[in-house]
Amino acid sequence: MFYIVETIPDNQSMQAVVAELLPLVPLVRRNKALRYKHLHGQFCCLRAWALLHELLVSHQFLPAGFSLAELTYAEDEHGKPWLTSSPDCNAPLTFDGKTICFSLSHTANALAVAIDHQPVGIDVEALISKQRVSDQHFLDHTMSAKEQVVIHQSVNPQLAFTELWTRKEALFKAIGTGINMSELPGVLESPHAFTLQSIVSSDYVCSIAYYSDRC
């Protein structure tokens with residue numbers, strides 16, 4: 001498993017990246033980026049795809065000559081994307097007989113990409129507000145009783161909540177079902193085959209879920 005987390009730059013830098021990448025990405029990604037009406041969304045859509053390409057080539061998940069324009073994909077009914085060999089083919093893209101799995105995420109101040117040869121999920125979130133952490137109705141719908149104790153006893157409840165939340169979302173992404181609200185509070189306490197890892201910054205948390213037999 002390999003991953004990268006990158007902070008969001010200023011507007012001028014974002015505009016330059018969008019202008020550079022729009023003609024380079026495959027049509028399906030270009031159209032997805034242009035559906036965003038704001039610069040931040042366009043930047044994250046394009047930059048995340050470029051980072052994915054860099055990771056896949058640098059870690060030999062794809063051959064060195066594989067271009068960004070060739071990195072196309074399709075989506076399942078849950079919106080989970082998988083790489084395909086061409087825009088007109090839904091067969092999963094492989095290299096040297098190995099599957100290629102990936103996950104993307106972005107928030108107001110960061111974006112993140114993870115790759116593996118087995119299902120993987122990544123989620124990055126800005127720290128939740130104090131108001132949300134103090135909303136008991138919200139906590140009851142998102143966290144188990146044990147997790148709520150951890151949050152309330154933490155010296156930084158916002159950070160504790162955000163770490164737990166990103167772990168849950170990363171796990172759901174790795175499983176491939178999208179967030180199941182009925183299972184959300186206790187999902188981390190249920191048996192599963194994934195290892196969870198978190199990276200904590202001053203203003204965001206990133207968590208990754210990957211198969212336990214992977215380093």
# chains A, B, ... in the order shown; residues from 1 in each chain; ligands from 1
call {"tool": "residues_around", "arguments": {"residues": "Pro92 in chain A", "least_positions_apart": "3", "cutoff": "10 Å", "atoms": "only C-alpha atoms", "output": "PDB file with N, CA and C atoms, in the first residue's frame"}}
result
ATOM      1  N   TYR A  73     -11.301   5.359 -16.413  1.00  0.00           N
ATOM      2  CA  TYR A  73     -11.984   4.588 -15.373  1.00  0.00           C
ATOM      3  C   TYR A  73     -13.486   4.521 -15.627  1.00  0.00           C
ATOM      4  N   ALA A  74     -14.143   3.653 -14.849  1.00  0.00           N
ATOM      5  CA  ALA A  74     -15.599   3.569 -14.806  1.00  0.00           C
ATOM      6  C   ALA A  74     -16.000   3.565 -13.336  1.00  0.00           C
ATOM      7  N   TRP A  82     -13.114   2.304 -10.764  1.00  0.00           N
ATOM      8  CA  TRP A  82     -12.036   1.354 -10.991  1.00  0.00           C
ATOM      9  C   TRP A  82     -11.406   1.679 -12.345  1.00  0.00           C
ATOM     10  N   LEU A  83     -10.109   1.410 -12.465  1.00  0.00           N
ATOM     11  CA  LEU A  83      -9.404   1.710 -13.699  1.00  0.00           C
ATOM     12  C   LEU A  83      -9.777   0.714 -14.782  1.00  0.00           C
ATOM     13  N   THR A  84      -9.896   1.209 -15.999  1.00  0.00           N
ATOM     14  CA  THR A  84     -10.234   0.346 -17.130  1.00  0.00           C
ATOM     15  C   THR A  84      -9.173   0.497 -18.213  1.00  0.00           C
ATOM     16  N   SER A  85      -9.148  -0.476 -19.115  1.00  0.00           N
ATOM     17  CA  SER A  85      -8.126  -0.473 -20.157  1.00  0.00           C
ATOM     18  C   SER A  85      -8.412   0.538 -21.266  1.00  0.00           C
ATOM     19  N   SER A  86      -9.681   0.984 -21.386  1.00  0.00           N
ATOM     20  CA  SER A  86     -10.038   1.996 -22.370  1.00  0.00           C
ATOM     21  C   SER A  86     -11.377   2.596 -21.971  1.00  0.00           C
ATOM     22  N   CYS A  89     -14.309   0.173 -22.463  1.00  0.00           N
ATOM     23  CA  CYS A  89     -14.205  -1.167 -21.897  1.00  0.00           C
ATOM     24  C   CYS A  89     -14.302  -1.083 -20.373  1.00  0.00           C
ATOM     25  N   THR A  99      -3.971  -6.860  -9.989  1.00  0.00           N
ATOM     26  CA  THR A  99      -5.028  -5.865  -9.982  1.00  0.00           C
ATOM     27  C   THR A  99      -4.484  -4.527  -9.492  1.00  0.00           C
ATOM     28  N   ILE A 100      -5.166  -3.459  -9.840  1.00  0.00           N
ATOM     29  CA  ILE A 100      -4.770  -2.116  -9.431  1.00  0.00           C
ATOM     30  C   ILE A 100      -5.963  -1.484  -8.711  1.00  0.00           C
ATOM     31  N   CYS A 101      -5.827  -1.261  -7.425  1.00  0.00           N
ATOM     32  CA  CYS A 101      -6.886  -0.666  -6.625  1.00  0.00           C
ATOM     33  C   CYS A 101      -6.440   0.713  -6.131  1.00  0.00           C
TER      34      CYS A 101
END
call {"tool": "residues_around", "arguments": {"residues": "Ile199 in chain A", "least_positions_apart": "3", "cutoff": "9 Å", "atoms": "only C-alpha atoms", "output": "PyMOL selection string"}}
result
chain A and resi 163+204-208
call {"tool": "closest_residue", "arguments": {"among": "A:His40, A:Lys168, A:Lys80, A:His137", "to": "Asn109 in chain A", "atoms": "only C-alpha atoms"}}
result
A:His40
call {"tool": "closest_residue", "arguments": {"among": "A:Leu164, A:Ile151, A:Leu111, A:Leu62", "to": "Leu184 in chain A", "atoms": "only C-alpha atoms"}}
result
A:Leu164
call {"tool": "select_by_dssp", "arguments": {"residues": "chain A", "states": "strand (DSSP E or B)", "output": "number ranges by chain"}}
result
A: 2-7, 72-75, 81-86, 89-92, 94-95, 98-99, 101-106, 110-116, 120-126, 194-200, 204-211
call {"tool": "write_last_selection", "arguments": {"atoms": "C-alpha atoms", "output": "PDB file, in the first residue's frame"}}
result
ATOM      1  CA  PHE A   2       1.258   3.459  -0.917  1.00  0.00           C
ATOM      2  CA  TYR A   3      -0.351   6.817  -0.300  1.00  0.00           C
ATOM      3  CA  ILE A   4       0.212  10.561  -0.532  1.00  0.00           C
ATOM      4  CA  VAL A   5      -1.453  13.506   1.219  1.00  0.00           C
ATOM      5  CA  GLU A   6      -1.057  16.994  -0.220  1.00  0.00           C
ATOM      6  CA  THR A   7      -2.242  20.361   1.111  1.00  0.00           C
ATOM      7  CA  THR A  72      -9.304   6.169 -17.559  1.00  0.00           C
ATOM      8  CA  TYR A  73     -11.984   4.588 -15.373  1.00  0.00           C
ATOM      9  CA  ALA A  74     -15.599   3.569 -14.806  1.00  0.00           C
ATOM     10  CA  GLU A  75     -17.792   3.735 -11.683  1.00  0.00           C
ATOM     11  CA  PRO A  81     -14.290   4.028  -9.530  1.00  0.00           C
ATOM     12  CA  TRP A  82     -12.036   1.354 -10.991  1.00  0.00           C
ATOM     13  CA  LEU A  83      -9.404   1.710 -13.699  1.00  0.00           C
ATOM     14  CA  THR A  84     -10.234   0.346 -17.130  1.00  0.00           C
ATOM     15  CA  SER A  85      -8.126  -0.473 -20.157  1.00  0.00           C
ATOM     16  CA  SER A  86     -10.038   1.996 -22.370  1.00  0.00           C
ATOM     17  CA  CYS A  89     -14.205  -1.167 -21.897  1.00  0.00           C
ATOM     18  CA  ASN A  90     -15.327  -1.909 -18.333  1.00  0.00           C
ATOM     19  CA  ALA A  91     -12.749  -4.658 -17.789  1.00  0.00           C
ATOM     20  CA  PRO A  92     -10.490  -3.766 -14.834  1.00  0.00           C
ATOM     21  CA  THR A  94      -4.201  -4.896 -14.628  1.00  0.00           C
ATOM     22  CA  PHE A  95      -0.426  -4.853 -14.975  1.00  0.00           C
ATOM     23  CA  LYS A  98      -1.909  -7.836 -10.750  1.00  0.00           C
ATOM     24  CA  THR A  99      -5.028  -5.865  -9.982  1.00  0.00           C
ATOM     25  CA  CYS A 101      -6.886  -0.666  -6.625  1.00  0.00           C
ATOM     26  CA  PHE A 102      -7.028   2.962  -5.543  1.00  0.00           C
ATOM     27  CA  SER A 103      -8.932   5.471  -3.451  1.00  0.00           C
ATOM     28  CA  LEU A 104      -9.172   9.271  -3.591  1.00  0.00           C
ATOM     29  CA  SER A 105     -10.354  11.874  -1.110  1.00  0.00           C
ATOM     30  CA  HIS A 106     -10.267  15.628  -0.646  1.00  0.00           C
ATOM     31  CA  ALA A 110      -6.010  18.668   1.662  1.00  0.00           C
ATOM     32  CA  LEU A 111      -6.343  15.851  -0.842  1.00  0.00           C
ATOM     33  CA  ALA A 112      -5.224  12.240  -0.538  1.00  0.00           C
ATOM     34  CA  VAL A 113      -4.589   9.223  -2.779  1.00  0.00           C
ATOM     35  CA  ALA A 114      -3.889   5.574  -1.902  1.00  0.00           C
ATOM     36  CA  ILE A 115      -3.048   2.571  -4.113  1.00  0.00           C
ATOM     37  CA  ASP A 116      -2.700  -1.152  -3.513  1.00  0.00           C
ATOM     38  CA  VAL A 120      -7.990   0.126  -0.205  1.00  0.00           C
ATOM     39  CA  GLY A 121      -9.825   3.166   1.161  1.00  0.00           C
ATOM     40  CA  ILE A 122      -8.593   6.624   2.103  1.00  0.00           C
ATOM     41  CA  ASP A 123     -10.391   9.584   3.637  1.00  0.00           C
ATOM     42  CA  VAL A 124      -9.140  13.046   4.567  1.00  0.00           C
ATOM     43  CA  GLU A 125     -11.231  15.538   6.549  1.00  0.00           C
ATOM     44  CA  ALA A 126     -10.756  18.957   8.092  1.00  0.00           C
ATOM     45  CA  PHE A 194      -8.567  -4.284   7.210  1.00  0.00           C
ATOM     46  CA  THR A 195      -5.798  -2.474   9.043  1.00  0.00           C
ATOM     47  CA  LEU A 196      -6.537   1.178   9.822  1.00  0.00           C
ATOM     48  CA  GLN A 197      -3.845   3.850   9.876  1.00  0.00           C
ATOM     49  CA  SER A 198      -4.255   7.579  10.566  1.00  0.00           C
ATOM     50  CA  ILE A 199      -2.100  10.608   9.774  1.00  0.00           C
ATOM     51  CA  VAL A 200      -2.848  13.600  11.985  1.00  0.00           C
ATOM     52  CA  TYR A 204      -6.897  17.728   9.059  1.00  0.00           C
ATOM     53  CA  VAL A 205      -6.839  13.974   9.631  1.00  0.00           C
ATOM     54  CA  CYS A 206      -6.266  11.328   6.961  1.00  0.00           C
ATOM     55  CA  SER A 207      -7.058   7.652   7.521  1.00  0.00           C
ATOM     56  CA  ILE A 208      -6.363   4.618   5.331  1.00  0.00           C
ATOM     57  CA  ALA A 209      -7.920   1.148   5.375  1.00  0.00           C
ATOM     58  CA  TYR A 210      -5.957  -1.670   3.730  1.00  0.00           C
ATOM     59  CA  TYR A 211      -5.790  -5.447   4.009  1.00  0.00           C
TER      60      TYR A 211
END
call {"tool": "select_by_dssp", "arguments": {"residues": "range 22-209 of chain A", "states": "alpha helix (DSSP H)", "output": "JSON, numbers by chain"}}
result
{"A": [27, 28, 29, 30, 31, 32, 33, 34, 35, 39, 40, 41, 42, 43, 44, 45, 46, 47, 48, 49, 50, 51, 52, 53, 54, 55, 56, 57, 58, 130, 131, 132, 133, 136, 137, 138, 139, 140, 141, 142, 145, 146, 147, 148, 149, 150, 151, 152, 153, 157, 158, 159, 160, 161, 162, 163, 164, 165, 166, 167, 168, 169, 170, 171, 172, 173, 174, 175]}
call {"tool": "write_last_selection", "arguments": {"atoms": "C-alpha atoms", "output": "PDB file, in the first residue's frame"}}
result
ATOM      1  CA  LEU A  27     -12.113  12.906 -21.272  1.00  0.00           C
ATOM      2  CA  VAL A  28     -14.137  11.236 -18.522  1.00  0.00           C
ATOM      3  CA  ARG A  29     -12.018  12.942 -15.858  1.00  0.00           C
ATOM      4  CA  ARG A  30     -12.057  16.284 -17.669  1.00  0.00           C
ATOM      5  CA  ASN A  31     -15.851  16.217 -17.830  1.00  0.00           C
ATOM      6  CA  LYS A  32     -16.070  15.308 -14.151  1.00  0.00           C
ATOM      7  CA  ALA A  33     -13.806  18.226 -13.224  1.00  0.00           C
ATOM      8  CA  LEU A  34     -15.801  20.691 -15.312  1.00  0.00           C
ATOM      9  CA  ARG A  35     -19.022  19.688 -13.557  1.00  0.00           C
ATOM     10  CA  LEU A  39     -12.106  26.236  -8.582  1.00  0.00           C
ATOM     11  CA  HIS A  40     -11.407  24.092  -5.515  1.00  0.00           C
ATOM     12  CA  GLY A  41     -13.482  21.190  -6.826  1.00  0.00           C
ATOM     13  CA  GLN A  42     -11.922  21.352 -10.281  1.00  0.00           C
ATOM     14  CA  PHE A  43      -8.430  21.462  -8.796  1.00  0.00           C
ATOM     15  CA  CYS A  44      -8.985  18.511  -6.466  1.00  0.00           C
ATOM     16  CA  CYS A  45     -10.559  16.396  -9.206  1.00  0.00           C
ATOM     17  CA  LEU A  46      -7.644  16.985 -11.572  1.00  0.00           C
ATOM     18  CA  ARG A  47      -4.758  17.082  -9.114  1.00  0.00           C
ATOM     19  CA  ALA A  48      -5.872  13.893  -7.370  1.00  0.00           C
ATOM     20  CA  TRP A  49      -5.892  12.121 -10.750  1.00  0.00           C
ATOM     21  CA  ALA A  50      -2.402  13.384 -11.542  1.00  0.00           C
ATOM     22  CA  LEU A  51      -1.157  12.239  -8.117  1.00  0.00           C
ATOM     23  CA  LEU A  52      -2.750   8.840  -8.705  1.00  0.00           C
ATOM     24  CA  HIS A  53      -0.882   8.544 -12.000  1.00  0.00           C
ATOM     25  CA  GLU A  54       2.401   9.546 -10.321  1.00  0.00           C
ATOM     26  CA  LEU A  55       1.959   6.952  -7.573  1.00  0.00           C
ATOM     27  CA  LEU A  56       1.018   4.152  -9.974  1.00  0.00           C
ATOM     28  CA  VAL A  57       3.994   4.740 -12.259  1.00  0.00           C
ATOM     29  CA  SER A  58       6.579   5.489  -9.565  1.00  0.00           C
ATOM     30  CA  LYS A 130     -16.863  22.163  18.245  1.00  0.00           C
ATOM     31  CA  GLN A 131     -20.568  22.653  17.618  1.00  0.00           C
ATOM     32  CA  ARG A 132     -20.886  19.301  15.851  1.00  0.00           C
ATOM     33  CA  VAL A 133     -18.940  17.458  18.544  1.00  0.00           C
ATOM     34  CA  GLN A 136     -25.574  14.654  21.042  1.00  0.00           C
ATOM     35  CA  HIS A 137     -28.071  13.750  18.322  1.00  0.00           C
ATOM     36  CA  PHE A 138     -25.262  13.878  15.759  1.00  0.00           C
ATOM     37  CA  LEU A 139     -22.968  11.785  17.955  1.00  0.00           C
ATOM     38  CA  ASP A 140     -25.640   9.141  18.505  1.00  0.00           C
ATOM     39  CA  HIS A 141     -26.033   8.715  14.739  1.00  0.00           C
ATOM     40  CA  THR A 142     -22.310   8.520  13.965  1.00  0.00           C
ATOM     41  CA  ALA A 145     -21.256   4.468  22.994  1.00  0.00           C
ATOM     42  CA  LYS A 146     -17.607   3.462  23.483  1.00  0.00           C
ATOM     43  CA  GLU A 147     -16.458   5.936  20.836  1.00  0.00           C
ATOM     44  CA  GLN A 148     -18.441   8.732  22.447  1.00  0.00           C
ATOM     45  CA  VAL A 149     -16.643   8.079  25.732  1.00  0.00           C
ATOM     46  CA  VAL A 150     -13.295   8.291  23.915  1.00  0.00           C
ATOM     47  CA  ILE A 151     -14.317  11.586  22.307  1.00  0.00           C
ATOM     48  CA  HIS A 152     -15.581  13.186  25.531  1.00  0.00           C
ATOM     49  CA  GLN A 153     -12.519  12.086  27.504  1.00  0.00           C
ATOM     50  CA  PRO A 157     -12.569  16.052  21.180  1.00  0.00           C
ATOM     51  CA  GLN A 158     -12.576  17.547  17.657  1.00  0.00           C
ATOM     52  CA  LEU A 159      -9.468  15.614  16.721  1.00  0.00           C
ATOM     53  CA  ALA A 160     -10.731  12.411  18.339  1.00  0.00           C
ATOM     54  CA  PHE A 161     -14.024  12.603  16.452  1.00  0.00           C
ATOM     55  CA  THR A 162     -12.355  13.414  13.130  1.00  0.00           C
ATOM     56  CA  GLU A 163      -9.935  10.509  13.435  1.00  0.00           C
ATOM     57  CA  LEU A 164     -12.749   8.068  14.186  1.00  0.00           C
ATOM     58  CA  TRP A 165     -14.863   9.474  11.357  1.00  0.00           C
ATOM     59  CA  THR A 166     -12.100   9.221   8.749  1.00  0.00           C
ATOM     60  CA  ARG A 167     -11.374   5.657   9.833  1.00  0.00           C
ATOM     61  CA  LYS A 168     -15.016   4.733   9.334  1.00  0.00           C
ATOM     62  CA  GLU A 169     -15.214   6.365   5.912  1.00  0.00           C
ATOM     63  CA  ALA A 170     -11.909   4.833   4.785  1.00  0.00           C
ATOM     64  CA  LEU A 171     -13.189   1.411   5.861  1.00  0.00           C
ATOM     65  CA  PHE A 172     -16.459   1.801   3.972  1.00  0.00           C
ATOM     66  CA  LYS A 173     -14.500   2.897   0.893  1.00  0.00           C
ATOM     67  CA  ALA A 174     -12.235  -0.156   1.126  1.00  0.00           C
ATOM     68  CA  ILE A 175     -15.241  -2.458   1.483  1.00  0.00           C
TER      69      ILE A 175
END
call {"tool": "atom_distance", "arguments": {"atom1": "CA of Leu93 in chain A", "atom2": "CA of Ala193 in chain A"}}
result
23.9 Å
call {"tool": "decode", "arguments": {"residues": "range 114-133 of chain A", "atoms": "N, CA and C atoms", "output": "compact mmCIF listing (two decimals), in the first residue's frame"}}
result
# COMPACT_ATOMS: atom_id res chain seq x y z
N ALA A 114 -4.50 6.83 -2.34
CA ALA A 114 -3.89 5.57 -1.90
C ALA A 114 -4.02 4.54 -3.01
N ILE A 115 -3.01 3.66 -3.13
CA ILE A 115 -3.05 2.57 -4.11
C ILE A 115 -2.63 1.27 -3.44
N ASP A 116 -3.09 0.17 -4.00
CA ASP A 116 -2.70 -1.15 -3.51
C ASP A 116 -3.09 -2.16 -4.58
N HIS A 117 -2.65 -3.41 -4.39
CA HIS A 117 -3.08 -4.49 -5.27
C HIS A 117 -4.29 -5.21 -4.68
N GLN A 118 -4.79 -4.73 -3.56
CA GLN A 118 -6.01 -5.23 -2.95
C GLN A 118 -6.87 -4.01 -2.60
N PRO A 119 -8.16 -4.21 -2.29
CA PRO A 119 -9.02 -3.06 -1.99
C PRO A 119 -8.44 -2.16 -0.90
N VAL A 120 -8.56 -0.86 -1.11
CA VAL A 120 -7.99 0.13 -0.21
C VAL A 120 -8.95 1.31 -0.13
N GLY A 121 -8.99 1.98 1.01
CA GLY A 121 -9.83 3.17 1.16
C GLY A 121 -9.06 4.26 1.88
N ILE A 122 -9.24 5.50 1.45
CA ILE A 122 -8.59 6.62 2.10
C ILE A 122 -9.61 7.74 2.27
N ASP A 123 -9.51 8.45 3.40
CA ASP A 123 -10.39 9.58 3.64
C ASP A 123 -9.63 10.67 4.37
N VAL A 124 -9.76 11.90 3.91
CA VAL A 124 -9.14 13.05 4.57
C VAL A 124 -10.24 14.06 4.89
N GLU A 125 -10.21 14.59 6.11
CA GLU A 125 -11.23 15.54 6.55
C GLU A 125 -10.60 16.65 7.37
N ALA A 126 -11.11 17.87 7.19
CA ALA A 126 -10.76 18.96 8.09
C ALA A 126 -11.35 18.66 9.47
N LEU A 127 -10.75 19.21 10.51
CA LEU A 127 -11.25 18.95 11.86
C LEU A 127 -12.70 19.40 11.98
N ILE A 128 -13.52 18.55 12.58
CA ILE A 128 -14.92 18.87 12.77
C ILE A 128 -15.07 20.04 13.74
N SER A 129 -16.14 20.78 13.62
CA SER A 129 -16.36 21.95 14.48
C SER A 129 -16.73 21.52 15.90
N LYS A 130 -16.48 22.42 16.84
CA LYS A 130 -16.86 22.16 18.24
C LYS A 130 -18.37 21.99 18.37
N GLN A 131 -19.11 22.73 17.58
CA GLN A 131 -20.57 22.65 17.62
C GLN A 131 -21.06 21.25 17.27
N ARG A 132 -20.46 20.64 16.26
CA ARG A 132 -20.89 19.30 15.85
C ARG A 132 -20.54 18.27 16.91
N VAL A 133 -19.35 18.41 17.51
CA VAL A 133 -18.94 17.46 18.54
C VAL A 133 -19.84 17.53 19.76
